[in-house]
$ cat structure.cif   # mmCIF, N, CA and C atoms
data_work
#
loop_
_atom_site.label_atom_id
_atom_site.label_comp_id
_atom_site.auth_asym_id
_atom_site.auth_seq_id
_atom_site.Cartn_x
_atom_site.Cartn_y
_atom_site.Cartn_z
N GLN A 1 -18.68 -25.65 4.26
CA GLN A 1 -17.85 -26.37 3.32
C GLN A 1 -16.75 -27.13 4.02
N VAL A 2 -16.17 -26.55 5.08
CA VAL A 2 -15.23 -27.27 5.93
C VAL A 2 -15.58 -27.01 7.38
N GLN A 3 -15.15 -27.94 8.22
CA GLN A 3 -15.31 -27.78 9.66
C GLN A 3 -13.91 -27.49 10.22
N LEU A 4 -13.84 -26.50 11.07
CA LEU A 4 -12.56 -26.05 11.62
C LEU A 4 -12.62 -26.12 13.14
N VAL A 5 -11.64 -26.78 13.74
CA VAL A 5 -11.59 -26.92 15.19
C VAL A 5 -10.22 -26.47 15.69
N GLU A 6 -10.22 -25.41 16.50
CA GLU A 6 -8.99 -24.88 17.07
C GLU A 6 -8.64 -25.57 18.37
N SER A 7 -7.34 -25.61 18.67
CA SER A 7 -6.86 -26.14 19.95
C SER A 7 -5.53 -25.47 20.28
N GLY A 8 -5.12 -25.61 21.54
CA GLY A 8 -3.81 -25.12 21.95
C GLY A 8 -3.80 -23.84 22.74
N GLY A 9 -4.96 -23.23 22.91
CA GLY A 9 -5.01 -22.01 23.70
C GLY A 9 -4.77 -22.29 25.18
N GLY A 10 -4.63 -21.21 25.94
CA GLY A 10 -4.43 -21.36 27.37
C GLY A 10 -3.87 -20.11 27.99
N LEU A 11 -3.39 -20.27 29.22
CA LEU A 11 -2.80 -19.17 29.98
C LEU A 11 -1.28 -19.28 29.93
N VAL A 12 -0.63 -18.18 29.59
CA VAL A 12 0.83 -18.17 29.52
C VAL A 12 1.33 -16.85 30.07
N GLU A 13 2.52 -16.86 30.63
CA GLU A 13 3.12 -15.64 31.16
C GLU A 13 3.71 -14.80 30.03
N PRO A 14 3.80 -13.50 30.24
CA PRO A 14 4.45 -12.65 29.23
C PRO A 14 5.85 -13.17 28.89
N GLY A 15 6.16 -13.15 27.59
CA GLY A 15 7.43 -13.68 27.13
C GLY A 15 7.39 -15.15 26.78
N GLY A 16 6.30 -15.81 27.11
CA GLY A 16 6.18 -17.24 26.85
C GLY A 16 5.73 -17.54 25.44
N SER A 17 5.51 -18.83 25.20
CA SER A 17 5.14 -19.31 23.86
C SER A 17 3.92 -20.21 23.94
N LEU A 18 3.16 -20.24 22.83
CA LEU A 18 2.04 -21.15 22.67
C LEU A 18 1.97 -21.57 21.21
N ARG A 19 1.43 -22.75 20.99
CA ARG A 19 1.24 -23.26 19.63
C ARG A 19 -0.24 -23.58 19.43
N LEU A 20 -0.88 -22.85 18.53
CA LEU A 20 -2.28 -23.09 18.20
C LEU A 20 -2.36 -23.98 16.96
N SER A 21 -3.33 -24.89 16.99
CA SER A 21 -3.58 -25.74 15.83
C SER A 21 -5.03 -25.62 15.40
N CYS A 22 -5.26 -25.82 14.12
CA CYS A 22 -6.62 -25.81 13.57
C CYS A 22 -6.75 -27.04 12.67
N ALA A 23 -7.66 -27.93 13.04
CA ALA A 23 -7.90 -29.12 12.24
C ALA A 23 -9.07 -28.87 11.29
N ALA A 24 -8.83 -29.10 10.00
CA ALA A 24 -9.85 -28.86 8.99
C ALA A 24 -10.33 -30.19 8.40
N THR A 25 -11.64 -30.34 8.31
CA THR A 25 -12.24 -31.52 7.67
C THR A 25 -13.32 -31.06 6.71
N GLY A 26 -13.61 -31.90 5.70
CA GLY A 26 -14.61 -31.55 4.70
C GLY A 26 -13.95 -31.29 3.35
N ASN A 27 -14.43 -30.27 2.64
CA ASN A 27 -13.94 -29.97 1.29
C ASN A 27 -12.64 -29.15 1.33
N ILE A 28 -11.61 -29.74 1.95
CA ILE A 28 -10.38 -28.99 2.18
C ILE A 28 -9.65 -28.66 0.88
N PHE A 29 -9.87 -29.40 -0.19
CA PHE A 29 -9.14 -29.13 -1.42
C PHE A 29 -9.75 -27.99 -2.22
N GLU A 30 -10.83 -27.40 -1.71
CA GLU A 30 -11.38 -26.18 -2.31
C GLU A 30 -10.85 -24.93 -1.61
N ILE A 31 -10.05 -25.12 -0.57
CA ILE A 31 -9.53 -23.98 0.19
C ILE A 31 -8.48 -23.23 -0.64
N ASN A 32 -8.60 -21.89 -0.69
CA ASN A 32 -7.60 -21.05 -1.35
C ASN A 32 -6.54 -20.55 -0.37
N ALA A 33 -6.96 -20.25 0.83
CA ALA A 33 -6.07 -19.70 1.84
C ALA A 33 -6.68 -19.96 3.21
N MET A 34 -5.82 -19.90 4.23
CA MET A 34 -6.29 -20.03 5.60
C MET A 34 -5.63 -18.96 6.45
N GLY A 35 -6.21 -18.73 7.61
CA GLY A 35 -5.63 -17.69 8.45
C GLY A 35 -6.08 -17.77 9.89
N TRP A 36 -5.43 -16.97 10.70
CA TRP A 36 -5.79 -16.79 12.11
C TRP A 36 -6.21 -15.34 12.32
N TYR A 37 -7.30 -15.19 13.04
CA TYR A 37 -7.80 -13.89 13.44
C TYR A 37 -7.99 -13.91 14.94
N ARG A 38 -8.09 -12.75 15.55
CA ARG A 38 -8.31 -12.70 16.99
C ARG A 38 -9.25 -11.56 17.34
N GLN A 39 -9.91 -11.73 18.47
CA GLN A 39 -10.82 -10.71 18.97
C GLN A 39 -10.66 -10.59 20.47
N ALA A 40 -10.24 -9.42 20.89
CA ALA A 40 -10.11 -9.11 22.31
C ALA A 40 -11.42 -8.52 22.81
N PRO A 41 -11.66 -8.59 24.12
CA PRO A 41 -12.91 -8.03 24.67
C PRO A 41 -13.10 -6.57 24.30
N GLY A 42 -14.26 -6.24 23.77
CA GLY A 42 -14.56 -4.86 23.42
C GLY A 42 -13.94 -4.37 22.13
N LYS A 43 -13.26 -5.26 21.40
CA LYS A 43 -12.60 -4.86 20.17
C LYS A 43 -13.12 -5.67 18.99
N LYS A 44 -12.86 -5.16 17.80
CA LYS A 44 -13.26 -5.86 16.59
C LYS A 44 -12.31 -7.02 16.31
N ARG A 45 -12.81 -8.01 15.58
CA ARG A 45 -11.95 -9.10 15.16
C ARG A 45 -10.91 -8.57 14.18
N GLU A 46 -9.65 -8.99 14.37
CA GLU A 46 -8.57 -8.50 13.53
C GLU A 46 -7.74 -9.64 12.98
N LEU A 47 -7.12 -9.36 11.83
CA LEU A 47 -6.25 -10.35 11.21
C LEU A 47 -4.97 -10.51 12.01
N VAL A 48 -4.55 -11.77 12.18
CA VAL A 48 -3.26 -12.06 12.80
C VAL A 48 -2.26 -12.48 11.72
N ALA A 49 -2.64 -13.51 10.96
CA ALA A 49 -1.75 -14.01 9.91
C ALA A 49 -2.57 -14.84 8.94
N THR A 50 -2.14 -14.84 7.68
CA THR A 50 -2.78 -15.67 6.66
C THR A 50 -1.71 -16.38 5.85
N ILE A 51 -2.13 -17.47 5.21
CA ILE A 51 -1.23 -18.22 4.34
C ILE A 51 -2.05 -18.78 3.18
N THR A 52 -1.52 -18.64 1.96
CA THR A 52 -2.19 -19.21 0.80
C THR A 52 -1.75 -20.66 0.61
N ILE A 53 -2.44 -21.38 -0.26
CA ILE A 53 -2.07 -22.77 -0.48
C ILE A 53 -0.71 -22.88 -1.18
N SER A 54 -0.24 -21.79 -1.78
CA SER A 54 1.10 -21.78 -2.38
C SER A 54 2.17 -21.37 -1.38
N GLY A 55 1.75 -21.02 -0.15
CA GLY A 55 2.71 -20.74 0.90
C GLY A 55 3.02 -19.28 1.15
N THR A 56 2.34 -18.38 0.46
CA THR A 56 2.55 -16.96 0.70
C THR A 56 1.91 -16.56 2.02
N THR A 57 2.68 -15.90 2.87
CA THR A 57 2.20 -15.52 4.19
C THR A 57 2.05 -14.01 4.32
N ASN A 58 1.20 -13.64 5.26
CA ASN A 58 0.98 -12.22 5.56
C ASN A 58 0.73 -12.12 7.05
N TYR A 59 1.35 -11.13 7.70
CA TYR A 59 1.24 -10.98 9.15
C TYR A 59 0.81 -9.56 9.51
N ALA A 60 0.06 -9.44 10.58
CA ALA A 60 -0.20 -8.13 11.15
C ALA A 60 1.12 -7.57 11.67
N ASP A 61 1.28 -6.26 11.58
CA ASP A 61 2.53 -5.64 12.04
C ASP A 61 2.81 -5.96 13.51
N SER A 62 1.75 -6.09 14.30
CA SER A 62 1.91 -6.30 15.74
C SER A 62 2.49 -7.67 16.09
N VAL A 63 2.46 -8.61 15.15
CA VAL A 63 2.96 -9.95 15.46
C VAL A 63 4.16 -10.36 14.62
N LYS A 64 4.56 -9.52 13.68
CA LYS A 64 5.71 -9.85 12.82
C LYS A 64 6.95 -10.11 13.65
N GLY A 65 7.63 -11.19 13.32
CA GLY A 65 8.85 -11.55 14.05
C GLY A 65 8.59 -12.34 15.31
N ARG A 66 7.33 -12.47 15.72
CA ARG A 66 7.01 -13.22 16.93
C ARG A 66 6.14 -14.44 16.63
N PHE A 67 5.28 -14.34 15.63
CA PHE A 67 4.36 -15.42 15.28
C PHE A 67 4.75 -16.01 13.93
N THR A 68 4.50 -17.31 13.77
CA THR A 68 4.74 -17.98 12.49
C THR A 68 3.54 -18.85 12.14
N ILE A 69 3.02 -18.66 10.94
CA ILE A 69 1.88 -19.45 10.48
C ILE A 69 2.38 -20.51 9.50
N SER A 70 1.78 -21.69 9.56
CA SER A 70 2.15 -22.76 8.63
C SER A 70 0.94 -23.63 8.32
N LEU A 71 0.97 -24.25 7.15
CA LEU A 71 -0.11 -25.12 6.69
C LEU A 71 0.52 -26.37 6.11
N ASN A 72 0.04 -27.54 6.53
CA ASN A 72 0.65 -28.75 6.01
C ASN A 72 0.20 -29.02 4.57
N ASN A 73 0.88 -29.93 3.90
CA ASN A 73 0.61 -30.17 2.48
C ASN A 73 -0.80 -30.69 2.24
N ASN A 74 -1.36 -31.37 3.21
CA ASN A 74 -2.72 -31.90 3.06
C ASN A 74 -3.80 -30.86 3.30
N ARG A 75 -3.36 -29.65 3.70
CA ARG A 75 -4.28 -28.52 3.98
C ARG A 75 -5.26 -28.85 5.09
N ASN A 76 -4.94 -29.83 5.94
CA ASN A 76 -5.89 -30.16 7.00
C ASN A 76 -5.42 -29.74 8.38
N THR A 77 -4.23 -29.15 8.47
CA THR A 77 -3.73 -28.67 9.75
C THR A 77 -3.05 -27.32 9.58
N LEU A 78 -3.61 -26.33 10.22
CA LEU A 78 -3.06 -24.98 10.24
C LEU A 78 -2.48 -24.73 11.62
N VAL A 79 -1.26 -24.19 11.66
CA VAL A 79 -0.59 -23.97 12.94
C VAL A 79 -0.18 -22.50 13.06
N LEU A 80 -0.31 -21.98 14.26
CA LEU A 80 0.21 -20.65 14.59
C LEU A 80 1.16 -20.82 15.77
N GLN A 81 2.45 -20.67 15.51
CA GLN A 81 3.45 -20.71 16.57
C GLN A 81 3.65 -19.29 17.08
N MET A 82 3.36 -19.09 18.36
CA MET A 82 3.44 -17.76 18.96
C MET A 82 4.55 -17.74 20.00
N SER A 83 5.43 -16.75 19.92
CA SER A 83 6.51 -16.61 20.88
C SER A 83 6.57 -15.17 21.36
N ARG A 84 7.33 -14.95 22.41
CA ARG A 84 7.46 -13.61 23.02
C ARG A 84 6.09 -12.97 23.19
N LEU A 85 5.18 -13.72 23.77
CA LEU A 85 3.81 -13.25 23.92
C LEU A 85 3.72 -12.06 24.87
N LYS A 86 2.78 -11.17 24.56
CA LYS A 86 2.56 -9.95 25.33
C LYS A 86 1.13 -9.96 25.87
N PRO A 87 0.86 -9.22 26.93
CA PRO A 87 -0.51 -9.14 27.45
C PRO A 87 -1.50 -8.69 26.38
N GLU A 88 -1.08 -7.83 25.48
CA GLU A 88 -1.98 -7.36 24.43
C GLU A 88 -2.29 -8.42 23.37
N ASP A 89 -1.65 -9.58 23.46
CA ASP A 89 -2.01 -10.70 22.58
C ASP A 89 -3.21 -11.48 23.12
N THR A 90 -3.66 -11.15 24.31
CA THR A 90 -4.81 -11.82 24.91
C THR A 90 -6.05 -11.61 24.05
N ALA A 91 -6.68 -12.72 23.65
CA ALA A 91 -7.85 -12.66 22.78
C ALA A 91 -8.36 -14.07 22.54
N VAL A 92 -9.52 -14.15 21.91
CA VAL A 92 -9.98 -15.42 21.35
C VAL A 92 -9.42 -15.48 19.93
N TYR A 93 -8.76 -16.58 19.62
CA TYR A 93 -8.14 -16.76 18.31
C TYR A 93 -9.00 -17.70 17.46
N TYR A 94 -9.30 -17.25 16.25
CA TYR A 94 -10.18 -17.98 15.35
C TYR A 94 -9.42 -18.43 14.10
N CYS A 95 -9.73 -19.64 13.67
CA CYS A 95 -9.20 -20.18 12.43
C CYS A 95 -10.19 -19.86 11.30
N ASN A 96 -9.65 -19.55 10.14
CA ASN A 96 -10.47 -19.14 8.99
C ASN A 96 -9.99 -19.87 7.74
N ALA A 97 -10.95 -20.29 6.92
CA ALA A 97 -10.64 -20.90 5.62
C ALA A 97 -11.36 -20.14 4.53
N GLN A 98 -10.62 -19.74 3.50
CA GLN A 98 -11.17 -18.96 2.40
C GLN A 98 -11.37 -19.84 1.18
N PHE A 99 -12.50 -19.63 0.50
CA PHE A 99 -12.84 -20.37 -0.72
C PHE A 99 -13.01 -19.38 -1.87
N PRO A 100 -13.16 -19.88 -3.11
CA PRO A 100 -13.46 -18.94 -4.20
C PRO A 100 -14.67 -18.07 -3.89
N ILE A 101 -15.64 -18.67 -3.22
CA ILE A 101 -16.79 -17.90 -2.75
C ILE A 101 -17.02 -18.26 -1.30
N GLY A 102 -16.91 -17.28 -0.43
CA GLY A 102 -17.22 -17.49 0.97
C GLY A 102 -16.05 -17.94 1.82
N ALA A 103 -16.34 -18.11 3.10
CA ALA A 103 -15.33 -18.51 4.08
C ALA A 103 -16.00 -19.25 5.22
N ASP A 104 -15.22 -20.06 5.92
CA ASP A 104 -15.69 -20.74 7.12
C ASP A 104 -14.82 -20.35 8.31
N TRP A 105 -15.42 -20.43 9.50
CA TRP A 105 -14.74 -20.06 10.73
C TRP A 105 -14.85 -21.16 11.76
N GLY A 106 -13.82 -21.28 12.59
CA GLY A 106 -13.91 -22.13 13.76
C GLY A 106 -14.58 -21.38 14.89
N LYS A 107 -14.73 -22.06 16.04
CA LYS A 107 -15.40 -21.45 17.19
C LYS A 107 -14.44 -20.67 18.07
N GLY A 108 -13.15 -20.84 17.87
CA GLY A 108 -12.16 -20.06 18.58
C GLY A 108 -11.55 -20.77 19.77
N THR A 109 -10.37 -20.29 20.16
CA THR A 109 -9.68 -20.78 21.35
C THR A 109 -9.10 -19.59 22.10
N GLN A 110 -9.25 -19.60 23.42
CA GLN A 110 -8.84 -18.46 24.23
C GLN A 110 -7.34 -18.50 24.51
N VAL A 111 -6.70 -17.37 24.30
CA VAL A 111 -5.30 -17.18 24.68
C VAL A 111 -5.24 -16.04 25.68
N THR A 112 -4.68 -16.31 26.84
CA THR A 112 -4.54 -15.29 27.87
C THR A 112 -3.08 -15.17 28.26
N VAL A 113 -2.56 -13.96 28.14
CA VAL A 113 -1.16 -13.70 28.49
C VAL A 113 -1.16 -12.83 29.74
N SER A 114 -0.74 -13.40 30.85
CA SER A 114 -0.81 -12.70 32.13
C SER A 114 0.16 -13.33 33.11
N SER A 115 0.68 -12.49 34.01
CA SER A 115 1.53 -13.01 35.07
C SER A 115 0.71 -13.23 36.33
#
$ encode --input "structure.cif" --output "structure tokens"
Amino acid sequence: QVQLVESGGGLVEPGGSLRLSCAATGNIFEINAMGWYRQAPGKKRELVATITISGTTNYADSVKGRFTISLNNNRNTLVLQMSRLKPEDTAVYYCNAQFPIGADWGKGTQVTVSS
């Protein structure tokens, strides 16, 4: 229903910052909510943060106070601003779009936090 393309990943030192973006194209006005998820090697994919089209946000406890999710009014750009990054934030980060029925996923972008 929509195509999602993530960007902004990379290598950063502990304590640093990164800004992830997700560009959405297609039936974006059918989107109910969007979010970021991550998957570290050997672990299950987990929720990082979500935002509804009305602006209600939800964060995993592990990122509260460090990460900020935002969605522009056109619903075509989702951003995750990450600060005070920790080695345990290392993962592939995926963009997600939720619809009344079903969801779409991007292919992910790698974030590595290491000195």
$ select_by_dssp --input "structure.cif" --residues "region 1-108 of chain A" --states "strand (DSSP E)" --output "mmCIF file with N, CA and C atoms, in the frame of the given file"
data_model
loop_
_atom_site.group_PDB
_atom_site.id
_atom_site.type_symbol
_atom_site.label_atom_id
_atom_site.label_comp_id
_atom_site.auth_asym_id
_atom_site.auth_seq_id
_atom_site.Cartn_x
_atom_site.Cartn_y
_atom_site.Cartn_z
ATOM 1 N N VAL A 2 -16.170 -26.550 5.080
ATOM 2 C CA VAL A 2 -15.230 -27.270 5.930
ATOM 3 C C VAL A 2 -15.580 -27.010 7.380
ATOM 4 N N GLN A 3 -15.150 -27.940 8.220
ATOM 5 C CA GLN A 3 -15.310 -27.780 9.660
ATOM 6 C C GLN A 3 -13.910 -27.490 10.220
ATOM 7 N N LEU A 4 -13.840 -26.500 11.070
ATOM 8 C CA LEU A 4 -12.560 -26.050 11.620
ATOM 9 C C LEU A 4 -12.620 -26.120 13.140
ATOM 10 N N VAL A 5 -11.640 -26.780 13.740
ATOM 11 C CA VAL A 5 -11.590 -26.920 15.190
ATOM 12 C C VAL A 5 -10.220 -26.470 15.690
ATOM 13 N N GLU A 6 -10.220 -25.410 16.500
ATOM 14 C CA GLU A 6 -8.990 -24.880 17.070
ATOM 15 C C GLU A 6 -8.640 -25.570 18.370
ATOM 16 N N SER A 7 -7.340 -25.610 18.670
ATOM 17 C CA SER A 7 -6.860 -26.140 19.950
ATOM 18 C C SER A 7 -5.530 -25.470 20.280
ATOM 19 N N GLY A 10 -4.630 -21.210 25.940
ATOM 20 C CA GLY A 10 -4.430 -21.360 27.370
ATOM 21 C C GLY A 10 -3.870 -20.110 27.990
ATOM 22 N N LEU A 11 -3.390 -20.270 29.220
ATOM 23 C CA LEU A 11 -2.800 -19.170 29.980
ATOM 24 C C LEU A 11 -1.280 -19.280 29.930
ATOM 25 N N VAL A 12 -0.630 -18.180 29.590
ATOM 26 C CA VAL A 12 0.830 -18.170 29.520
ATOM 27 C C VAL A 12 1.330 -16.850 30.070
ATOM 28 N N LEU A 18 3.160 -20.240 22.830
ATOM 29 C CA LEU A 18 2.040 -21.150 22.670
ATOM 30 C C LEU A 18 1.970 -21.570 21.210
ATOM 31 N N ARG A 19 1.430 -22.750 20.990
ATOM 32 C CA ARG A 19 1.240 -23.260 19.630
ATOM 33 C C ARG A 19 -0.240 -23.580 19.430
ATOM 34 N N LEU A 20 -0.880 -22.850 18.530
ATOM 35 C CA LEU A 20 -2.280 -23.090 18.200
ATOM 36 C C LEU A 20 -2.360 -23.980 16.960
ATOM 37 N N SER A 21 -3.330 -24.890 16.990
ATOM 38 C CA SER A 21 -3.580 -25.740 15.830
ATOM 39 C C SER A 21 -5.030 -25.620 15.400
ATOM 40 N N CYS A 22 -5.260 -25.820 14.120
ATOM 41 C CA CYS A 22 -6.620 -25.810 13.570
ATOM 42 C C CYS A 22 -6.750 -27.040 12.670
ATOM 43 N N ALA A 23 -7.660 -27.930 13.040
ATOM 44 C CA ALA A 23 -7.900 -29.120 12.240
ATOM 45 C C ALA A 23 -9.070 -28.870 11.290
ATOM 46 N N ALA A 24 -8.830 -29.100 10.000
ATOM 47 C CA ALA A 24 -9.850 -28.860 8.990
ATOM 48 C C ALA A 24 -10.330 -30.190 8.400
ATOM 49 N N THR A 25 -11.640 -30.340 8.310
ATOM 50 C CA THR A 25 -12.240 -31.520 7.670
ATOM 51 C C THR A 25 -13.320 -31.060 6.710
ATOM 52 N N GLY A 26 -13.610 -31.900 5.700
ATOM 53 C CA GLY A 26 -14.610 -31.550 4.700
ATOM 54 C C GLY A 26 -13.950 -31.290 3.350
ATOM 55 N N ALA A 33 -6.960 -20.250 0.830
ATOM 56 C CA ALA A 33 -6.070 -19.700 1.840
ATOM 57 C C ALA A 33 -6.680 -19.960 3.210
ATOM 58 N N MET A 34 -5.820 -19.900 4.230
ATOM 59 C CA MET A 34 -6.290 -20.030 5.600
ATOM 60 C C MET A 34 -5.630 -18.960 6.450
ATOM 61 N N GLY A 35 -6.210 -18.730 7.610
ATOM 62 C CA GLY A 35 -5.630 -17.690 8.450
ATOM 63 C C GLY A 35 -6.080 -17.770 9.890
ATOM 64 N N TRP A 36 -5.430 -16.970 10.700
ATOM 65 C CA TRP A 36 -5.790 -16.790 12.110
ATOM 66 C C TRP A 36 -6.210 -15.340 12.320
ATOM 67 N N TYR A 37 -7.300 -15.190 13.040
ATOM 68 C CA TYR A 37 -7.800 -13.890 13.440
ATOM 69 C C TYR A 37 -7.990 -13.910 14.940
ATOM 70 N N ARG A 38 -8.090 -12.750 15.550
ATOM 71 C CA ARG A 38 -8.310 -12.700 16.990
ATOM 72 C C ARG A 38 -9.250 -11.560 17.340
ATOM 73 N N GLN A 39 -9.910 -11.730 18.470
ATOM 74 C CA GLN A 39 -10.820 -10.710 18.970
ATOM 75 C C GLN A 39 -10.660 -10.590 20.470
ATOM 76 N N GLU A 46 -9.650 -8.990 14.370
ATOM 77 C CA GLU A 46 -8.570 -8.500 13.530
ATOM 78 C C GLU A 46 -7.740 -9.640 12.980
ATOM 79 N N LEU A 47 -7.120 -9.360 11.830
ATOM 80 C CA LEU A 47 -6.250 -10.350 11.210
ATOM 81 C C LEU A 47 -4.970 -10.510 12.010
ATOM 82 N N VAL A 48 -4.550 -11.770 12.180
ATOM 83 C CA VAL A 48 -3.260 -12.060 12.800
ATOM 84 C C VAL A 48 -2.260 -12.480 11.720
ATOM 85 N N ALA A 49 -2.640 -13.510 10.960
ATOM 86 C CA ALA A 49 -1.750 -14.010 9.910
ATOM 87 C C ALA A 49 -2.570 -14.840 8.940
ATOM 88 N N THR A 50 -2.140 -14.840 7.680
ATOM 89 C CA THR A 50 -2.780 -15.670 6.660
ATOM 90 C C THR A 50 -1.710 -16.380 5.850
ATOM 91 N N ILE A 51 -2.130 -17.470 5.210
ATOM 92 C CA ILE A 51 -1.230 -18.220 4.340
ATOM 93 C C ILE A 51 -2.050 -18.780 3.180
ATOM 94 N N THR A 52 -1.520 -18.640 1.960
ATOM 95 C CA THR A 52 -2.190 -19.210 0.800
ATOM 96 C C THR A 52 -1.750 -20.660 0.610
ATOM 97 N N THR A 57 2.680 -15.900 2.870
ATOM 98 C CA THR A 57 2.200 -15.520 4.190
ATOM 99 C C THR A 57 2.050 -14.010 4.320
ATOM 100 N N ASN A 58 1.200 -13.640 5.260
ATOM 101 C CA ASN A 58 0.980 -12.220 5.560
ATOM 102 C C ASN A 58 0.730 -12.120 7.050
ATOM 103 N N TYR A 59 1.350 -11.130 7.700
ATOM 104 C CA TYR A 59 1.240 -10.980 9.150
ATOM 105 C C TYR A 59 0.810 -9.560 9.510
ATOM 106 N N PHE A 67 5.280 -14.340 15.630
ATOM 107 C CA PHE A 67 4.360 -15.420 15.280
ATOM 108 C C PHE A 67 4.750 -16.010 13.930
ATOM 109 N N THR A 68 4.500 -17.310 13.770
ATOM 110 C CA THR A 68 4.740 -17.980 12.490
ATOM 111 C C THR A 68 3.540 -18.850 12.140
ATOM 112 N N ILE A 69 3.020 -18.660 10.940
ATOM 113 C CA ILE A 69 1.880 -19.450 10.480
ATOM 114 C C ILE A 69 2.380 -20.510 9.500
ATOM 115 N N SER A 70 1.780 -21.690 9.560
ATOM 116 C CA SER A 70 2.150 -22.760 8.630
ATOM 117 C C SER A 70 0.940 -23.630 8.320
ATOM 118 N N LEU A 71 0.970 -24.250 7.150
ATOM 119 C CA LEU A 71 -0.110 -25.120 6.690
ATOM 120 C C LEU A 71 0.520 -26.370 6.110
ATOM 121 N N THR A 77 -4.230 -29.150 8.470
ATOM 122 C CA THR A 77 -3.730 -28.670 9.750
ATOM 123 C C THR A 77 -3.050 -27.320 9.580
ATOM 124 N N LEU A 78 -3.610 -26.330 10.220
ATOM 125 C CA LEU A 78 -3.060 -24.980 10.240
ATOM 126 C C LEU A 78 -2.480 -24.730 11.620
ATOM 127 N N VAL A 79 -1.260 -24.190 11.660
ATOM 128 C CA VAL A 79 -0.590 -23.970 12.940
ATOM 129 C C VAL A 79 -0.180 -22.500 13.060
ATOM 130 N N LEU A 80 -0.310 -21.980 14.260
ATOM 131 C CA LEU A 80 0.210 -20.650 14.590
ATOM 132 C C LEU A 80 1.160 -20.820 15.770
ATOM 133 N N GLN A 81 2.450 -20.670 15.510
ATOM 134 C CA GLN A 81 3.450 -20.710 16.570
ATOM 135 C C GLN A 81 3.650 -19.290 17.080
ATOM 136 N N MET A 82 3.360 -19.090 18.360
ATOM 137 C CA MET A 82 3.440 -17.760 18.960
ATOM 138 C C MET A 82 4.550 -17.740 20.000
ATOM 139 N N ALA A 91 -6.680 -12.720 23.650
ATOM 140 C CA ALA A 91 -7.850 -12.660 22.780
ATOM 141 C C ALA A 91 -8.360 -14.070 22.540
ATOM 142 N N VAL A 92 -9.520 -14.150 21.910
ATOM 143 C CA VAL A 92 -9.980 -15.420 21.350
ATOM 144 C C VAL A 92 -9.420 -15.480 19.930
ATOM 145 N N TYR A 93 -8.760 -16.580 19.620
ATOM 146 C CA TYR A 93 -8.140 -16.760 18.310
ATOM 147 C C TYR A 93 -9.000 -17.700 17.460
ATOM 148 N N TYR A 94 -9.300 -17.250 16.250
ATOM 149 C CA TYR A 94 -10.180 -17.980 15.350
ATOM 150 C C TYR A 94 -9.420 -18.430 14.100
ATOM 151 N N CYS A 95 -9.730 -19.640 13.670
ATOM 152 C CA CYS A 95 -9.200 -20.180 12.430
ATOM 153 C C CYS A 95 -10.190 -19.860 11.300
ATOM 154 N N ASN A 96 -9.650 -19.550 10.140
ATOM 155 C CA ASN A 96 -10.470 -19.140 8.990
ATOM 156 C C ASN A 96 -9.990 -19.870 7.740
ATOM 157 N N ALA A 97 -10.950 -20.290 6.920
ATOM 158 C CA ALA A 97 -10.640 -20.900 5.620
ATOM 159 C C ALA A 97 -11.360 -20.140 4.530
ATOM 160 N N GLN A 98 -10.620 -19.740 3.500
ATOM 161 C CA GLN A 98 -11.170 -18.960 2.400
ATOM 162 C C GLN A 98 -11.370 -19.840 1.180
ATOM 163 N N ALA A 103 -16.340 -18.110 3.100
ATOM 164 C CA ALA A 103 -15.330 -18.510 4.080
ATOM 165 C C ALA A 103 -16.000 -19.250 5.220
ATOM 166 N N ASP A 104 -15.220 -20.060 5.920
ATOM 167 C CA ASP A 104 -15.690 -20.740 7.120
ATOM 168 C C ASP A 104 -14.820 -20.350 8.310
ATOM 169 N N TRP A 105 -15.420 -20.430 9.500
ATOM 170 C CA TRP A 105 -14.740 -20.060 10.730
ATOM 171 C C TRP A 105 -14.850 -21.160 11.760
#
$ residues_around --input "structure.cif" --residues "region 44-53 of chain A" --least-positions-apart "2" --cutoff "8 Å" --atoms "all atoms listed in the file" --output "list in words"
Ile31, Asn32, Ala33, Met34, Gly35, Trp36, Tyr37, Arg38, Gln39, Ala40, Pro41, Gly42, Gly55, Thr56, Thr57, Asn58, Tyr59, Ala60, Asp61, Ser62, Val63, Lys64, Phe67, Thr68, Ile69, Ser70, Leu71 and Arg75 of chain A
$ resolve_selection --input "structure.cif" --expression "the PyMOL selection byres ((chain A and resi 89) around 8)" --output "PyMOL selection string"
chain A and resi 39-40+85-88+90-92+111-113
$ resolve_selection --input "structure.cif" --expression "the PyMOL selection byres ((chain A and resi 106-110) around 7)" --output "PyMOL selection string"
chain A and resi 3-11+91-97+104-105+111-112
$ select_by_dssp --input "structure.cif" --residues "region 26-109 of chain A" --states "helix (DSSP H, G or I)" --output "number ranges by chain"
A: 28-30, 87-89
$ closest_residue --input "structure.cif" --among "A:Pro100, A:Ala24, A:Arg66, A:Ser54" --to "Val2 (chain A)" --atoms "all atoms listed in the file"
A:Ala24
$ atom_distance --input "structure.cif" --atom1 "atom C of Gly26 (chain A)" --atom2 "CA of Met82 (chain A)"
27.0 Å
$ atom_distance --input "structure.cif" --atom1 "atom C of Ala23 (chain A)" --atom2 "atom C of Leu80 (chain A)"
13.8 Å
$ residues_near_point --input "structure.cif" --point "(-19.5, -20.8, 5.3)" --cutoff "7 Å" --atoms "only C-alpha atoms" --output "PyMOL selection string"
chain A and resi 1+102-104
$ atom_distance --input "structure.cif" --atom1 "CA of Leu20 (chain A)" --atom2 "CA of Lys43 (chain A)"
21.0 Å
$ closest_residue --input "structure.cif" --among "A:Asn72, A:Arg84, A:Thr77, A:Glu30" --to "Gly16 (chain A)" --atoms "only N, CA and C atoms"
A:Arg84
$ decode --input "structure.cif" --residues "region 106-115 of chain A" --atoms "C-alpha atoms" --output "tab-separated table (two decimals), in the first residue's frame"
chain	number	residue	atom	x	y	z
A	106	GLY	CA	10.85	-0.69	4.94
A	107	LYS	CA	14.03	-2.67	4.32
A	108	GLY	CA	15.85	-1.12	7.26
A	109	THR	CA	18.95	0.94	7.97
A	110	GLN	CA	21.89	-0.14	10.10
A	111	VAL	CA	22.81	1.82	13.21
A	112	THR	CA	26.07	0.90	14.92
A	113	VAL	CA	27.13	2.52	18.18
A	114	SER	CA	30.77	1.76	18.90
A	115	SER	CA	34.02	3.45	19.84
